[in-house]
>>> print(open('input-v8.cif').read())   # mmCIF, C-alpha atoms
data_run
loop_
_atom_site.group_PDB
_atom_site.id
_atom_site.type_symbol
_atom_site.label_atom_id
_atom_site.label_comp_id
_atom_site.auth_asym_id
_atom_site.auth_seq_id
_atom_site.Cartn_x
_atom_site.Cartn_y
_atom_site.Cartn_z
ATOM 1 C CA MET A 3 56.012 52.848 155.204
ATOM 2 C CA ILE A 4 55.286 53.501 151.535
ATOM 3 C CA LYS A 5 58.391 52.963 149.396
ATOM 4 C CA LEU A 6 56.877 53.049 145.908
ATOM 5 C CA SER A 7 54.171 55.304 144.461
ATOM 6 C CA ILE A 8 52.678 54.444 141.078
ATOM 7 C CA VAL A 9 51.347 57.450 139.153
ATOM 8 C CA ILE A 10 48.909 56.885 136.282
ATOM 9 C CA PRO A 11 47.479 59.798 134.271
ATOM 10 C CA THR A 12 44.250 58.908 132.480
ATOM 11 C CA ILE A 13 41.608 60.493 130.302
ATOM 12 C CA GLY A 14 38.691 58.920 128.486
ATOM 13 C CA ARG A 15 39.609 55.306 129.171
ATOM 14 C CA ARG A 16 37.673 52.898 131.346
ATOM 15 C CA GLN A 17 38.326 49.229 130.708
ATOM 16 C CA GLU A 18 41.998 49.699 129.792
ATOM 17 C CA LEU A 19 42.620 51.433 133.127
ATOM 18 C CA LEU A 20 40.741 48.765 135.091
ATOM 19 C CA ASN A 21 42.746 46.051 133.331
ATOM 20 C CA THR A 22 46.019 47.819 134.187
ATOM 21 C CA LEU A 23 44.964 48.086 137.850
ATOM 22 C CA SER A 24 43.972 44.415 137.887
ATOM 23 C CA ASP A 25 47.444 43.472 136.651
ATOM 24 C CA LEU A 26 49.043 45.634 139.350
ATOM 25 C CA ALA A 27 46.898 43.890 141.960
ATOM 26 C CA LYS A 28 48.626 40.590 141.052
ATOM 27 C CA GLN A 29 52.107 41.878 141.864
ATOM 28 C CA ASN A 30 54.290 40.005 144.347
ATOM 29 C CA LEU A 31 55.529 43.187 146.024
ATOM 30 C CA ASP A 32 54.134 43.563 149.548
ATOM 31 C CA LYS A 33 50.995 45.732 149.193
ATOM 32 C CA ASP A 34 51.839 47.544 152.425
ATOM 33 C CA ILE A 35 54.811 49.315 150.846
ATOM 34 C CA TRP A 36 53.282 50.660 147.636
ATOM 35 C CA GLU A 37 50.402 52.862 146.576
ATOM 36 C CA CYS A 38 48.762 53.828 143.291
ATOM 37 C CA LEU A 39 47.714 57.383 142.398
ATOM 38 C CA ILE A 40 45.389 57.903 139.436
ATOM 39 C CA ILE A 41 45.127 61.422 138.063
ATOM 40 C CA THR A 42 42.075 61.634 135.839
ATOM 41 C CA GLN A 43 41.222 64.511 133.523
ATOM 42 C CA SER A 44 37.768 63.280 132.533
ATOM 43 C CA GLU A 45 34.884 61.340 134.062
ATOM 44 C CA ILE A 46 36.044 58.063 135.547
ATOM 45 C CA ASP A 47 34.554 54.769 136.719
ATOM 46 C CA ILE A 48 35.037 55.302 140.454
ATOM 47 C CA GLU A 49 32.911 52.268 141.360
ATOM 48 C CA GLY A 50 35.009 49.964 139.206
ATOM 49 C CA ILE A 51 38.189 51.347 140.758
ATOM 50 C CA LYS A 52 36.768 51.000 144.283
ATOM 51 C CA GLU A 53 35.882 47.372 143.607
ATOM 52 C CA ILE A 54 39.435 46.533 142.534
ATOM 53 C CA ALA A 55 40.954 48.465 145.460
ATOM 54 C CA VAL A 56 38.768 46.827 148.109
ATOM 55 C CA LYS A 57 38.943 43.324 146.651
ATOM 56 C CA ASN A 58 42.730 43.391 146.396
ATOM 57 C CA ARG A 59 43.496 45.527 149.468
ATOM 58 C CA LEU A 60 45.203 48.209 147.399
ATOM 59 C CA TYR A 61 46.199 51.619 148.688
ATOM 60 C CA LEU A 62 44.720 53.707 145.899
ATOM 61 C CA LYS A 63 43.823 57.382 145.404
ATOM 62 C CA VAL A 64 42.069 59.137 142.545
ATOM 63 C CA PHE A 65 42.600 62.846 141.844
ATOM 64 C CA TYR A 66 40.749 64.988 139.329
ATOM 65 C CA SER A 67 42.407 67.738 137.321
ATOM 66 C CA GLU A 68 40.332 69.592 134.741
ATOM 67 C CA GLN A 69 43.187 70.586 132.430
ATOM 68 C CA PRO A 70 43.963 67.756 129.961
ATOM 69 C CA ASN A 71 47.730 67.668 130.299
ATOM 70 C CA ALA A 72 49.778 64.526 130.989
ATOM 71 C CA SER A 73 52.813 66.391 132.353
ATOM 72 C CA LEU A 74 50.633 68.301 134.807
ATOM 73 C CA ALA A 75 49.039 65.023 135.922
ATOM 74 C CA ARG A 76 52.431 63.468 136.588
ATOM 75 C CA ASN A 77 53.527 66.514 138.567
ATOM 76 C CA ILE A 78 50.412 66.205 140.736
ATOM 77 C CA GLY A 79 51.423 62.599 141.334
ATOM 78 C CA LEU A 80 54.957 63.677 142.254
ATOM 79 C CA ILE A 81 53.648 66.087 144.877
ATOM 80 C CA GLU A 82 50.984 63.812 146.356
ATOM 81 C CA ALA A 83 53.060 60.610 146.388
ATOM 82 C CA GLN A 84 54.241 59.237 149.723
ATOM 83 C CA GLY A 85 56.841 56.912 148.257
ATOM 84 C CA GLU A 86 60.554 57.510 147.890
ATOM 85 C CA ILE A 87 60.367 56.093 144.363
ATOM 86 C CA ILE A 88 57.818 57.191 141.749
ATOM 87 C CA LEU A 89 56.779 54.836 138.952
ATOM 88 C CA PHE A 90 55.060 56.535 136.004
ATOM 89 C CA LEU A 91 52.800 54.212 134.014
ATOM 90 C CA ASP A 92 50.286 54.671 131.215
ATOM 91 C CA ASP A 93 46.657 53.645 131.628
ATOM 92 C CA ASP A 94 46.667 51.048 128.827
ATOM 93 C CA LEU A 95 49.240 48.437 129.785
ATOM 94 C CA ILE A 96 49.413 44.675 130.073
ATOM 95 C CA ILE A 97 51.763 43.625 132.877
ATOM 96 C CA GLU A 98 52.475 39.919 132.664
ATOM 97 C CA SER A 99 55.248 39.443 135.218
ATOM 98 C CA PRO A 100 54.135 39.365 138.881
ATOM 99 C CA ASN A 101 57.630 40.670 139.731
ATOM 100 C CA PHE A 102 57.314 43.815 137.610
ATOM 101 C CA LEU A 103 57.285 46.196 140.606
ATOM 102 C CA ILE A 104 60.050 44.276 142.357
ATOM 103 C CA ASN A 105 62.180 44.536 139.233
ATOM 104 C CA HIS A 106 61.883 48.313 139.305
ATOM 105 C CA LEU A 107 62.374 48.740 143.026
ATOM 106 C CA ARG A 108 65.386 46.411 143.412
ATOM 107 C CA HIS A 109 67.709 48.841 141.630
ATOM 108 C CA TYR A 110 67.216 51.560 144.221
ATOM 109 C CA ASN A 111 69.536 49.858 146.659
ATOM 110 C CA ASP A 112 71.859 52.295 144.918
ATOM 111 C CA ALA A 113 70.854 55.572 146.597
ATOM 112 C CA ASN A 114 72.536 57.563 143.822
ATOM 113 C CA LEU A 115 70.463 56.059 141.015
ATOM 114 C CA SER A 116 68.251 58.637 139.280
ATOM 115 C CA GLY A 117 65.795 56.240 137.668
ATOM 116 C CA VAL A 118 64.885 52.946 136.001
ATOM 117 C CA VAL A 119 63.555 52.594 132.468
ATOM 118 C CA GLY A 120 61.503 49.478 131.839
ATOM 119 C CA GLN A 121 61.145 47.567 128.608
ATOM 120 C CA VAL A 122 58.128 48.495 126.443
ATOM 121 C CA MET A 123 56.726 46.030 123.910
ATOM 122 C CA ASP A 124 53.735 46.265 121.605
ATOM 123 C CA LEU A 125 51.073 43.574 121.247
ATOM 124 C CA THR A 126 53.364 41.437 119.078
ATOM 125 C CA LYS A 127 55.679 41.063 122.096
ATOM 126 C CA THR A 128 58.654 41.523 119.807
ATOM 127 C CA VAL A 129 62.006 42.075 121.547
ATOM 128 C CA ARG A 130 65.376 43.114 120.143
ATOM 129 C CA ASN A 131 68.728 41.633 121.049
ATOM 130 C CA ASN A 132 70.770 44.179 119.114
ATOM 131 C CA ARG A 133 71.094 47.973 118.937
ATOM 132 C CA HIS A 134 71.921 50.485 116.244
ATOM 133 C CA LYS A 135 75.540 51.615 116.515
ATOM 134 C CA TRP A 136 74.386 55.215 117.003
ATOM 135 C CA SER A 137 72.493 54.208 120.146
ATOM 136 C CA TYR A 138 75.896 54.149 121.898
ATOM 137 C CA LYS A 139 76.531 57.854 121.228
ATOM 138 C CA LYS A 140 76.938 59.730 124.511
ATOM 139 C CA LYS A 141 74.386 62.551 124.112
ATOM 140 C CA VAL A 142 72.031 61.425 121.333
ATOM 141 C CA GLY A 143 72.157 57.646 121.609
ATOM 142 C CA TRP A 144 68.748 57.640 123.290
ATOM 143 C CA LEU A 145 67.187 58.718 119.967
ATOM 144 C CA TYR A 146 68.180 55.328 118.536
ATOM 145 C CA PHE A 147 67.724 53.151 121.629
ATOM 146 C CA PRO A 148 65.020 50.467 121.147
ATOM 147 C CA GLY A 149 62.442 50.426 123.933
ATOM 148 C CA ASN A 150 61.966 46.694 123.392
ATOM 149 C CA TYR A 151 65.672 45.941 123.861
ATOM 150 C CA ASN A 152 66.365 42.731 125.763
ATOM 151 C CA GLN A 153 69.635 43.568 127.536
ATOM 152 C CA THR A 154 70.446 45.789 130.511
ATOM 153 C CA ALA A 155 71.987 49.172 129.726
ATOM 154 C CA SER A 156 72.650 52.650 131.080
ATOM 155 C CA VAL A 157 70.457 55.291 129.434
ATOM 156 C CA LEU A 158 69.721 59.023 129.415
ATOM 157 C CA ASN A 159 66.044 58.806 128.609
ATOM 158 C CA GLY A 160 62.986 56.595 128.888
ATOM 159 C CA ALA A 161 59.307 56.460 127.972
ATOM 160 C CA SER A 162 56.912 57.739 130.626
ATOM 161 C CA CYS A 163 54.652 54.711 130.148
ATOM 162 C CA ASN A 164 57.188 52.665 132.153
ATOM 163 C CA LEU A 165 59.595 54.912 134.025
ATOM 164 C CA SER A 166 60.534 55.046 137.705
ATOM 165 C CA VAL A 167 62.510 57.858 139.320
ATOM 166 C CA ASN A 168 63.926 58.944 142.649
ATOM 167 C CA LYS A 169 61.278 61.345 143.978
ATOM 168 C CA LYS A 170 63.644 63.842 145.602
ATOM 169 C CA MET A 171 65.780 64.068 142.484
ATOM 170 C CA ALA A 172 62.734 64.421 140.226
ATOM 171 C CA ILE A 173 61.332 67.258 142.319
ATOM 172 C CA ASP A 174 64.725 68.927 142.525
ATOM 173 C CA VAL A 175 64.878 69.284 138.715
ATOM 174 C CA GLY A 176 61.333 70.667 138.647
ATOM 175 C CA GLY A 177 59.358 67.627 137.563
ATOM 176 C CA MET A 178 57.754 67.790 134.159
ATOM 177 C CA ASP A 179 57.000 70.879 132.086
ATOM 178 C CA ILE A 180 53.296 71.517 131.481
ATOM 179 C CA ASN A 181 54.128 73.704 128.495
ATOM 180 C CA TYR A 182 53.947 70.390 126.643
ATOM 181 C CA GLU A 183 50.275 70.454 125.675
ATOM 182 C CA LYS A 184 48.114 67.390 126.253
ATOM 183 C CA GLY A 185 50.626 64.528 125.969
ATOM 184 C CA ALA A 186 52.955 66.195 123.483
ATOM 185 C CA HIS A 187 55.889 64.406 121.958
ATOM 186 C CA ARG A 188 59.177 64.640 123.934
ATOM 187 C CA GLU A 189 57.563 65.686 127.230
ATOM 188 C CA GLU A 190 59.267 62.862 129.113
ATOM 189 C CA SER A 191 62.522 63.302 127.224
ATOM 190 C CA ASP A 192 62.710 66.907 128.409
ATOM 191 C CA PHE A 193 62.262 65.707 131.999
ATOM 192 C CA CYS A 194 64.634 62.739 131.743
ATOM 193 C CA LEU A 195 67.459 64.754 130.187
ATOM 194 C CA ARG A 196 67.222 67.367 132.942
ATOM 195 C CA LEU A 197 67.214 64.581 135.539
ATOM 196 C CA THR A 198 70.151 62.638 134.120
ATOM 197 C CA LYS A 199 72.178 65.773 133.404
ATOM 198 C CA LYS A 200 72.216 66.544 137.136
ATOM 199 C CA TYR A 201 72.056 63.086 138.731
ATOM 200 C CA GLY A 202 73.542 60.671 136.222
ATOM 201 C CA LEU A 203 72.345 57.862 133.993
ATOM 202 C CA MET A 204 69.291 55.682 134.538
ATOM 203 C CA LYS A 205 69.225 51.899 134.404
ATOM 204 C CA PHE A 206 67.372 50.111 131.600
ATOM 205 C CA ASP A 207 65.925 46.817 132.823
ATOM 206 C CA PRO A 208 64.251 44.483 130.280
ATOM 207 C CA GLU A 209 62.786 42.438 133.138
ATOM 208 C CA ALA A 210 60.706 45.450 134.222
ATOM 209 C CA SER A 211 58.588 44.904 131.131
ATOM 210 C CA VAL A 212 55.138 46.006 129.982
ATOM 211 C CA ILE A 213 53.047 45.583 126.849
ATOM 212 C CA HIS A 214 51.758 48.960 125.681
ATOM 213 C CA ILE A 215 48.401 48.571 123.958
ATOM 214 C CA GLY A 216 48.428 52.076 122.471
ATOM 215 C CA SER A 217 44.641 52.300 122.551
ATOM 216 C CA LYS A 218 42.903 54.996 120.501
ATOM 217 C CA THR A 219 40.152 55.425 123.089
ATOM 218 C CA GLY A 220 41.423 58.522 124.811
ATOM 219 C CA GLY A 221 44.362 58.376 127.174
ATOM 220 C CA CYS A 222 46.869 61.028 128.155
ATOM 221 C CA ARG A 223 49.476 59.816 125.711
ATOM 222 C CA THR A 224 47.518 58.744 122.636
ATOM 223 C CA TRP A 225 46.438 62.129 121.314
ATOM 224 C CA GLY A 226 47.332 61.111 117.767
ATOM 225 C CA MET A 227 49.057 58.239 116.042
ATOM 226 C CA ASN A 228 52.748 58.446 115.172
ATOM 227 C CA THR A 229 52.020 58.115 111.439
ATOM 228 C CA GLY A 230 50.544 60.381 108.797
ATOM 229 C CA ILE A 231 50.229 64.115 109.413
ATOM 230 C CA HIS A 232 50.814 64.691 113.121
ATOM 231 C CA PRO A 233 48.531 66.685 115.420
ATOM 232 C CA LEU A 234 49.809 70.216 115.899
ATOM 233 C CA HIS A 235 50.538 69.825 119.626
ATOM 234 C CA HIS A 236 53.002 66.993 118.867
ATOM 235 C CA ILE A 237 54.814 69.164 116.328
ATOM 236 C CA ILE A 238 54.926 72.084 118.749
ATOM 237 C CA GLY A 239 56.187 69.741 121.475
ATOM 238 C CA GLU A 240 59.061 68.567 119.301
ATOM 239 C CA TRP A 241 60.138 72.128 118.436
ATOM 240 C CA TYR A 242 59.748 73.239 122.053
ATOM 241 C CA PHE A 243 61.925 70.339 123.174
ATOM 242 C CA ILE A 244 64.716 71.273 120.764
ATOM 243 C CA PHE A 245 64.709 74.971 121.687
ATOM 244 C CA ASN A 246 64.492 74.218 125.404
ATOM 245 C CA GLY A 247 67.252 71.655 125.157
ATOM 246 C CA LEU A 248 69.572 74.177 123.540
ATOM 247 C CA LYS A 249 68.725 76.716 126.224
ATOM 248 C CA HIS A 250 69.385 74.311 129.106
ATOM 249 C CA ARG A 251 72.309 72.503 127.441
ATOM 250 C CA THR A 252 70.634 69.108 127.383
ATOM 251 C CA ILE A 253 70.986 69.311 123.587
ATOM 252 C CA LEU A 254 74.280 70.359 122.011
ATOM 253 C CA ILE A 255 74.451 72.378 118.786
ATOM 254 C CA ARG A 256 76.748 69.752 117.278
ATOM 255 C CA ASP A 257 73.977 67.157 117.680
ATOM 256 C CA LEU A 258 71.142 69.181 116.159
ATOM 257 C CA HIS A 259 71.218 67.244 112.899
ATOM 258 C CA HIS A 260 70.221 64.084 114.780
ATOM 259 C CA HIS A 261 67.178 65.820 116.279
ATOM 260 C CA PHE A 262 66.154 67.409 112.983
ATOM 261 C CA ALA A 263 66.490 64.060 111.229
ATOM 262 C CA ALA A 264 64.285 62.392 113.851
ATOM 263 C CA LEU A 265 61.736 65.205 113.621
ATOM 264 C CA PHE A 266 61.418 65.194 109.845
ATOM 265 C CA LEU A 267 61.566 61.446 109.363
ATOM 266 C CA ARG A 268 58.865 60.891 111.965
ATOM 267 C CA GLN A 269 56.543 63.804 111.232
ATOM 268 C CA ILE A 270 56.972 64.290 107.491
ATOM 269 C CA PHE A 271 58.508 61.264 105.794
ATOM 270 C CA ASN A 272 56.895 58.517 107.855
ATOM 271 C CA GLU A 273 55.632 55.397 106.104
ATOM 272 C CA LYS A 274 52.034 56.585 105.680
ATOM 273 C CA ASN A 275 52.979 59.993 104.290
ATOM 274 C CA ARG A 276 55.423 58.496 101.794
ATOM 275 C CA LYS A 277 52.494 56.846 100.038
ATOM 276 C CA ASN A 278 50.895 60.239 99.425
ATOM 277 C CA PRO A 279 53.034 63.150 98.090
ATOM 278 C CA VAL A 280 50.292 65.646 98.991
ATOM 279 C CA ALA A 281 50.461 64.482 102.601
ATOM 280 C CA ILE A 282 54.221 65.156 102.633
ATOM 281 C CA LEU A 283 53.620 68.749 101.466
ATOM 282 C CA LEU A 284 50.921 69.253 104.110
ATOM 283 C CA ALA A 285 53.184 67.765 106.799
ATOM 284 C CA ILE A 286 56.022 70.131 105.799
ATOM 285 C CA PHE A 287 53.651 73.103 105.974
ATOM 286 C CA LYS A 288 52.301 72.012 109.364
ATOM 287 C CA SER A 289 55.810 71.510 110.753
ATOM 288 C CA LEU A 290 56.842 75.011 109.646
ATOM 289 C CA TYR A 291 53.639 76.426 111.131
ATOM 290 C CA GLY A 292 54.426 74.697 114.432
ATOM 291 C CA PHE A 293 57.896 76.227 114.339
ATOM 292 C CA ILE A 294 56.372 79.725 114.063
ATOM 293 C CA LEU A 295 53.885 79.081 116.859
ATOM 294 C CA ILE A 296 56.546 77.880 119.274
ATOM 295 C CA LEU A 297 58.804 80.933 119.090
ATOM 296 C CA PRO A 298 56.899 83.041 121.693
ATOM 297 C CA LYS A 299 56.703 80.069 124.078
ATOM 298 C CA VAL A 300 60.442 79.403 124.165
ATOM 299 C CA LEU A 301 61.051 82.929 125.457
ATOM 300 C CA LYS A 302 59.061 82.074 128.583
ATOM 301 C CA GLU A 303 60.176 79.990 131.547
ATOM 302 C CA PRO A 304 59.109 76.323 131.692
ATOM 303 C CA LYS A 305 55.989 75.581 133.752
ATOM 304 C CA THR A 306 57.352 73.048 136.184
ATOM 305 C CA LEU A 307 56.864 72.343 139.896
ATOM 306 C CA ASP A 308 58.151 75.842 140.579
ATOM 307 C CA ASN A 309 54.719 76.988 139.364
ATOM 308 C CA PHE A 310 52.776 74.430 141.390
ATOM 309 C CA ASN A 311 50.478 77.070 142.891
ATOM 310 C CA GLN A 312 48.849 77.307 139.460
ATOM 311 C CA TYR A 313 47.657 73.697 139.620
ATOM 312 C CA ASN A 314 43.983 73.093 140.355
ATOM 313 C CA TYR A 315 42.961 69.558 141.340
ATOM 314 C CA LYS A 316 40.989 67.673 143.993
ATOM 315 C CA LEU A 317 40.844 64.243 145.638
ATOM 316 C CA LEU A 318 37.931 62.119 144.383
ATOM 317 C CA TYR A 319 38.577 58.838 146.185
ATOM 318 C CA SER A 320 40.948 57.202 148.639
ATOM 319 C CA SER A 321 40.864 53.549 149.615
ATOM 320 C CA GLY A 322 41.586 54.711 153.171
ATOM 321 C CA LYS A 323 44.083 51.965 153.902
#
>>> encode(input="input-v8.cif", output="structure tokens")
Amino acid sequence: MIKLSIVIPTIGRRQELLNTLSDLAKQNLDKDIWECLIITQSEIDIEGIKEIAVKNRLYLKVFYSEQPNASLARNIGLIEAQGEIILFLDDDLIIESPNFLINHLRHYNDANLSGVVGQVMDLTKTVRNNRHKWSYKKKVGWLYFPGNYNQTASVLNGASCNLSVNKKMAIDVGGMDINYEKGAHREESDFCLRLTKKYGLMKFDPEASVIHIGSKTGGCRTWGMNTGIHPLHHIIGEWYFIFNGLKHRTILIRDLHHHFAALFLRQIFNEKNRKNPVAILLAIFKSLYGFILILPKVLKEPKTLDNFNQYNYKLLYSSGK
């Protein structure tokens, strides 16, 4: 019986994905109780994937979806997964611990747990043993919570590059919203806040740790770096998240200043822009333009699993285990 389903959206990456799969193949968790679903939105090295699957006796499926949208890809994974627990990963990870999957799955002895957020480090492997005092705030603390924190905690939100959830609960809240274009900023926060609002806090486990390469060669998440003038879809995603959060009460009016501060500090006054006053002016203009563009979209309903009949995808490969 499959207990855990790993879902990996990918686009435009080859070697990074194969390396991530190779790391998963070294896990100590019994291979008979987990599967891996890859949802690709571009051409993919099927032969390389087959070789890893056969060599390591992995239960692995590859689906193709033409629309380049990370939230859509994760929703396809939610629907197709056989496991009770879904683990969302990015396609450009280094997983050093052979107990990584075990460290996620062990927490689900608590049937009421909504999800587990794993630690995310960059290539420096830097970890933090302290937190900003605002990270303890009830509704907005997640904005200040360090993903490389080295202590267990209860959290509202987590990064979709290392996030496991209870499948039934995730489907019940509609999965992810494909109105977030490509891999737009805050797509997973929208999902996590809806999930934790209904089913309670998630567990942060620093032992369920990954190193996120953050490769520029494609991917479903890396559609633009988090410095300089941001791509328009990230700006639109941030505005959409704020408006949607107000509508669904996952964001409170009294906390708006925290979200606006995060938005402007990240998109306008980030370190790279501060070195160029012209860039700051262009970033302000682009942020205001994104605000105008988002207004018609927030009047529409989110595109979640309730609209699943609109999804168009096909199975490319199954290891046939």
>>> residues_near_point(input="input-v8.cif", point="(53.6, 45.8, 125.1)", cutoff="9 Å", atoms="only C-alpha atoms", output="VMD selection string")
chain A and resid 95 to 97 121 to 128 150 211 to 216
>>> residues_near_point(input="input-v8.cif", point="(65.7, 49.5, 137.5)", cutoff="6 Å", atoms="only C-alpha atoms", output="list in words")
His106, His109, Val118, Lys205 and Asp207 of chain A
>>> atom_distance(input="input-v8.cif", atom1="CA of Ser321 in chain A", atom2="CA of Leu107 in chain A")
23.0 Å
>>> atom_distance(input="input-v8.cif", atom1="CA of Tyr313 in chain A", atom2="CA of Asp192 in chain A")
20.0 Å
>>> resolve_selection(input="input-v8.cif", expression="the PyMOL selection byres ((chain A and resi 142) around 12)", output="PyMOL selection string")
chain A and resi 135-141+143-147+157-159+191+195+247+252-264
>>> atom_distance(input="input-v8.cif", atom1="CA of Ile238 in chain A", atom2="CA of Gly292 in chain A")
5.1 Å
>>> residues_around(input="input-v8.cif", residues="Glu37 in chain A", least_positions_apart="6", cutoff="10 Å", atoms="all atoms listed in the file", output="list of chain:residue names")
A:Ile4, A:Lys5, A:Leu6, A:Ser7, A:Ile8, A:Val9, A:Leu60, A:Tyr61, A:Leu62, A:Lys63, A:Ala83, A:Gln84, A:Gly85, A:Ile88, A:Lys323
>>> closest_residue(input="input-v8.cif", among="A:Gly176, A:Gly185, A:Gly202, A:Gly230", to="Glu303 in chain A", atoms="only C-alpha atoms")
A:Gly176
>>> residues_around(input="input-v8.cif", residues="Val280 in chain A", least_positions_apart="4", cutoff="12 Å", atoms="only C-alpha atoms", output="tab-separated table (two decimals) with C-alpha atoms, in the frame of the given file")
chain	number	residue	atom	x	y	z
A	230	GLY	CA	50.54	60.38	108.80
A	231	ILE	CA	50.23	64.11	109.41
A	270	ILE	CA	56.97	64.29	107.49
A	271	PHE	CA	58.51	61.26	105.79
A	274	LYS	CA	52.03	56.58	105.68
A	275	ASN	CA	52.98	59.99	104.29
A	276	ARG	CA	55.42	58.50	101.79
A	284	LEU	CA	50.92	69.25	104.11
A	285	ALA	CA	53.18	67.76	106.80
A	286	ILE	CA	56.02	70.13	105.80
A	287	PHE	CA	53.65	73.10	105.97
>>> resolve_selection(input="input-v8.cif", expression="the PyMOL selection byres ((chain A and resi 20) around 10)", output="list in words")
Arg15, Arg16, Gln17, Glu18, Leu19, Asn21, Thr22, Leu23, Ser24, Asp25, Leu26, Asp47, Gly50, Ile51, Glu53, Ile54, Asp93 and Asp94 of chain A
>>> residues_around(input="input-v8.cif", residues="Ala72 in chain A", least_positions_apart="4", cutoff="7 Å", atoms="all atoms listed in the file", output="list in words")
Pro11, Arg76, Lys184, Gly185 and Cys222 of chain A
>>> resolve_selection(input="input-v8.cif", expression="the PyMOL selection byres ((chain A and resi 113) around 12)", output="VMD selection string")
chain A and resid 86 to 87 107 to 112 114 to 117 167 to 171 201 to 202
>>> write_last_selection(input="input-v8.cif", atoms="C-alpha atoms", output="PDB file, in the coordinates of the input")
ATOM      1  CA  GLU A  86      60.554  57.510 147.890  1.00  0.00           C
ATOM      2  CA  ILE A  87      60.367  56.093 144.363  1.00  0.00           C
ATOM      3  CA  LEU A 107      62.374  48.740 143.026  1.00  0.00           C
ATOM      4  CA  ARG A 108      65.386  46.411 143.412  1.00  0.00           C
ATOM      5  CA  HIS A 109      67.709  48.841 141.630  1.00  0.00           C
ATOM      6  CA  TYR A 110      67.216  51.560 144.221  1.00  0.00           C
ATOM      7  CA  ASN A 111      69.536  49.858 146.659  1.00  0.00           C
ATOM      8  CA  ASP A 112      71.859  52.295 144.918  1.00  0.00           C
ATOM      9  CA  ASN A 114      72.536  57.563 143.822  1.00  0.00           C
ATOM     10  CA  LEU A 115      70.463  56.059 141.015  1.00  0.00           C
ATOM     11  CA  SER A 116      68.251  58.637 139.280  1.00  0.00           C
ATOM     12  CA  GLY A 117      65.795  56.240 137.668  1.00  0.00           C
ATOM     13  CA  VAL A 167      62.510  57.858 139.320  1.00  0.00           C
ATOM     14  CA  ASN A 168      63.926  58.944 142.649  1.00  0.00           C
ATOM     15  CA  LYS A 169      61.278  61.345 143.978  1.00  0.00           C
ATOM     16  CA  LYS A 170      63.644  63.842 145.602  1.00  0.00           C
ATOM     17  CA  MET A 171      65.780  64.068 142.484  1.00  0.00           C
ATOM     18  CA  TYR A 201      72.056  63.086 138.731  1.00  0.00           C
ATOM     19  CA  GLY A 202      73.542  60.671 136.222  1.00  0.00           C
TER      20      GLY A 202
END
>>> closest_residue(input="input-v8.cif", among="A:Leu74, A:Cys163, A:Asn272, A:Lys28", to="Lys57 in chain A", atoms="all atoms listed in the file")
A:Lys28
>>> residues_around(input="input-v8.cif", residues="Asn164 in chain A", least_positions_apart="2", cutoff="8 Å", atoms="only C-alpha atoms", output="ChimeraX atom specification")
/A:89-92,119-122,160-162,166,211-212
>>> residues_around(input="input-v8.cif", residues="Ser44 in chain A", least_positions_apart="2", cutoff="9 Å", atoms="only C-alpha atoms", output="list in words")
Thr12, Ile13, Gly14, Arg15, Thr42, Ile46, Tyr66, Ser67, Glu68 and Pro70 of chain A
>>> axis_aligned_box(input="input-v8.cif", around="range 155-171 of chain A", padding_each_side="8 Å", output="lines of an AutoDock Vina configuration file")
center_x = 63.7
center_y = 56.6
center_z = 136.8
size_x = 34.0
size_y = 30.9
size_z = 33.6
>>> closest_residue(input="input-v8.cif", among="A:Leu165, A:Tyr151, A:Ile296, A:His250", to="Lys199 in chain A", atoms="all atoms listed in the file")
A:His250
>>> closest_residue(input="input-v8.cif", among="A:Thr198, A:Asn152, A:Ser289, A:Asn181", to="Asn246 in chain A", atoms="all atoms listed in the file")
A:Asn181
>>> build_atoms(input="input-v8.cif", residues="range 170-176 of chain A", atoms="N, CA, C and O atoms", output="CSV table (one decimal), in the coordinates of the input")
chain,number,residue,atom,x,y,z
A,170,LYS,N,62.9,62.6,145.2
A,170,LYS,CA,63.6,63.8,145.6
A,170,LYS,C,64.4,64.4,144.4
A,170,LYS,O,64.4,65.7,144.2
A,171,MET,N,65.0,63.6,143.6
A,171,MET,CA,65.8,64.1,142.5
A,171,MET,C,64.8,64.6,141.4
A,171,MET,O,65.1,65.7,140.8
A,172,ALA,N,63.7,64.0,141.2
A,172,ALA,CA,62.7,64.4,140.2
A,172,ALA,C,62.2,65.8,140.6
A,172,ALA,O,62.0,66.7,139.7
A,173,ILE,N,61.9,66.0,141.9
A,173,ILE,CA,61.3,67.3,142.3
A,173,ILE,C,62.4,68.3,142.2
A,173,ILE,O,62.1,69.5,141.9
A,174,ASP,N,63.6,68.0,142.5
A,174,ASP,CA,64.7,68.9,142.5
A,174,ASP,C,64.9,69.5,141.1
A,174,ASP,O,65.3,70.7,141.0
A,175,VAL,N,64.7,68.7,140.1
A,175,VAL,CA,64.9,69.3,138.7
A,175,VAL,C,63.6,69.9,138.2
A,175,VAL,O,63.5,70.3,137.0
A,176,GLY,N,62.6,70.0,139.0
A,176,GLY,CA,61.3,70.7,138.6
A,176,GLY,C,60.2,69.8,138.1
A,176,GLY,O,59.2,70.3,137.7
